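*Asks:* Below: one structure in structure tokens.
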Amino acid sequence: MNKKDLLGLYDLSAEEIGEILGLGLSFKAALKRGEKQFSALEGKSVVILFYENSTRTRTSFELAAKYLGAQTVNISVATSSVQKGETLVDTGKTLDAMKNDFIVIRHPMGGAPKLLAETVKAHVINGGDGIHEHPTQALLDMLTLKEHYGDIKGLKVAILGDIRHSRVAKSNLYGLTKLGAEVRLFAPKTLMPEGLEREGAILCTSREEAVEGVDAVMGLRIQLERQKAGNFPSLGEYAKYYGVDEQILSHAKKGAIVLHPGPVNRGVELTSAVIDGAQSYIEDQVLSGLSVRMAVLSLLAGGSV
Ligand code: CP
């Protein structure tokens, strides 16, 4: 992959996504064998700069970098000079001056990783920017699908929930359609942005229509911190009309898998029976996340395993 940064899947080709997934699968197999020591990032440093909360993305990037042999630093924005008014660009220049090699950034503003990437010499990886993109989440979803089904081409994937505020849904739409999957979206009208049909999405008018015969069903976290009040009447009604329960799942293909980016609001986006059921791949997604982040770091560094 001949790129300095990973900012989104909108800008990646099918070949580049395929390269990441191929290497990600190798790392996942190695991790399952208990291997954790690789050399692709030996002598490199990785700074993790998150302006929003995270468990999965932050931890898996840090572990991915460590397993690849890098030095890592976690910047706590709450105790950094950001609180004294330092701009993102100046923070980036400061990290560059320390000869840092990678910045993984999560930011509430869409476009912040691009701004940083245009400013710094370090490789920049988008760990989620506003409601724009979350490329490594979509890559891990695709890795989970590829490992389970062998090929993504021809798969049907339903994504249900708060599409408007979901960077995960957008990155998945861009990535999955590039690899030849069919992506069906269903959301409350207030939570469906305009124009996604032009990006290849099939917009559905009911949960049943979205889920009928699909290979995978993805629930999305309700982005309570991002949305204005009043987009749906109550959490109970959201769960009833837009959530995934066993009855709705029965419309999918037999053995279809259930995905969710986490953290899950139990009983809202998915019922506990679905989360803990045999069709749930939510835990498996976490190992896919570590694997795909190792692949992205390795490929941006210009190496492989
Ligand atoms: N899926 C995801 O981005 O989770 P975190 O917010 O825990 O990183």
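Lettering and numbering for the structure tokens are positional, with chains as A, B, ... in the shown order, residues counted from 1 in each chain, and ligands counted from 1 in the shown order.
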Return as a list of chain:residue names every polymer residue, whether protein, DNA or RNA, with at least one atom no more than 8 Å from an atom of ligand 1; count only C-alpha atoms and all ligand atoms.

*Replies:*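 Protein and nucleic-acid residues within 8 Å of ligand 1: A:Asn53, A:Ser54, A:Thr55, A:Arg56, A:Thr57, A:Arg58, A:Thr59, A:Gly127, A:Gly128, A:His134, A:Gln137, A:Val168, A:His260, A:Pro261, A:Gly262, A:Pro263.
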
*Asks:* For the residues selected in the previous step, produce a file with C-alpha atoms as a short mmCIF file (atom, residue, chain, number, x, y, z; two decimals), in the first residue's frame.

*Replies:*
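Result file selection30.cif:
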data_model
loop_
_atom_site.label_atom_id
_atom_site.label_comp_id
_atom_site.auth_asym_id
_atom_site.auth_seq_id
_atom_site.Cartn_x
_atom_site.Cartn_y
_atom_site.Cartn_z
CA ASN A 53 -13.49 8.12 24.81
CA SER A 54 -12.54 4.67 23.59
CA THR A 55 -11.88 1.18 24.89
CA ARG A 56 -11.53 -1.04 21.80
CA THR A 57 -9.82 1.25 19.30
CA ARG A 58 -7.36 2.84 21.73
CA THR A 59 -6.34 -0.44 23.38
CA GLY A 127 -9.33 6.21 14.77
CA GLY A 128 -12.76 7.81 14.18
CA HIS A 134 -13.95 5.02 11.22
CA GLN A 137 -13.66 -0.44 12.42
CA VAL A 168 -18.90 3.05 11.23
CA HIS A 260 -21.81 -4.58 16.36
CA PRO A 261 -18.93 -2.09 16.70
CA GLY A 262 -19.38 -1.80 20.45
CA PRO A 263 -19.88 -0.57 23.03
#

*Asks:* For Thr94 (chain A), work out the shell of residues within 10 Å, counting only C-alpha atoms and skipping chain neighbours fewer than 6 positions away, then give it as a ChimeraX atom specification.

*Replies:* /A:88,100,120

*Asks:* Write a file of the selected residues as a PDB file, in the first residue's frame, keeping N, CA and C atoms.

*Replies:*
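Wrote it out as out-v1.pdb, contents follow:
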ATOM      1  N   LEU A  88      -4.680  21.699  17.194  1.00  0.00           N
ATOM      2  CA  LEU A  88      -4.339  20.352  16.728  1.00  0.00           C
ATOM      3  C   LEU A  88      -3.067  20.392  15.879  1.00  0.00           C
ATOM      4  N   ASN A 100       8.554  11.489  16.115  1.00  0.00           N
ATOM      5  CA  ASN A 100       7.560  10.413  16.218  1.00  0.00           C
ATOM      6  C   ASN A 100       7.171   9.927  14.821  1.00  0.00           C
ATOM      7  N   VAL A 120       1.747  17.092   9.380  1.00  0.00           N
ATOM      8  CA  VAL A 120       2.860  16.378  10.026  1.00  0.00           C
ATOM      9  C   VAL A 120       3.560  15.409   9.063  1.00  0.00           C
TER      10      VAL A 120
END

*Asks:* Return as a PyMOL selection string the full set of residues in region 79-232 of chain A whose backbone-based DSSP assignment is strand (DSSP E or B).

*Replies:* chain A and resi 102-107+123-129+133+156-160+182-186+202-203+216-219

*Asks:* Output the selection as a compact mmCIF listing (two decimals), in the first residue's frame - C-alpha atoms for each residue.

*Replies:*
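Contents of the output file again_26.txt:
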# COMPACT_ATOMS: atom_id res chain seq x y z
CA PHE A 102 2.81 7.46 13.73
CA ILE A 103 -0.16 9.36 15.18
CA VAL A 104 -3.44 7.51 15.71
CA ILE A 105 -6.09 10.16 16.24
CA ARG A 106 -9.73 10.12 17.32
CA HIS A 107 -11.46 13.49 17.17
CA HIS A 123 1.87 8.64 9.35
CA VAL A 124 -1.65 9.55 10.52
CA ILE A 125 -4.32 6.92 11.13
CA ASN A 126 -7.94 7.92 11.67
CA GLY A 127 -9.33 6.21 14.77
CA GLY A 128 -12.76 7.81 14.18
CA ASP A 129 -13.55 11.43 13.24
CA GLU A 133 -15.33 7.77 8.98
CA LYS A 156 -25.59 -9.12 1.63
CA VAL A 157 -25.14 -7.00 4.76
CA ALA A 158 -27.91 -5.15 6.64
CA ILE A 159 -26.93 -2.17 8.81
CA LEU A 160 -29.63 -0.99 11.22
CA GLU A 182 -24.69 -5.46 -1.15
CA VAL A 183 -25.28 -3.01 1.71
CA ARG A 184 -28.83 -2.41 2.96
CA LEU A 185 -29.52 0.43 5.39
CA PHE A 186 -32.50 0.96 7.66
CA ILE A 202 -29.94 0.16 -0.73
CA LEU A 203 -32.24 2.20 1.51
CA ALA A 216 -24.80 -10.45 8.20
CA VAL A 217 -26.76 -8.05 10.38
CA MET A 218 -24.95 -5.11 11.93
CA GLY A 219 -26.49 -3.12 14.77

*Asks:* Give the helix (DSSP H, G or I) residues of region 16-69 of chain A, as assigned by DSSP on the backbone, as an NGL selection string.

*Replies:* :A and (16-32 or 56-67)

*Asks:* Please report the interatomic distance between CA of Val46 (chain A) and CA of Lys4 (chain A) in Å with one decimal.

*Replies:*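 Separating CA of Val46 (chain A) from CA of Lys4 (chain A) is a distance of 14.2 Å.
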
*Asks:* Could you check which of A:Ser80, A:Leu300, A:Leu140, A:Met294 is closest to Glu62 (chain A), using only C-alpha atoms?

*Replies:*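 Among the listed residues, the smallest separation from Glu62 (chain A) belongs to A:Met294.
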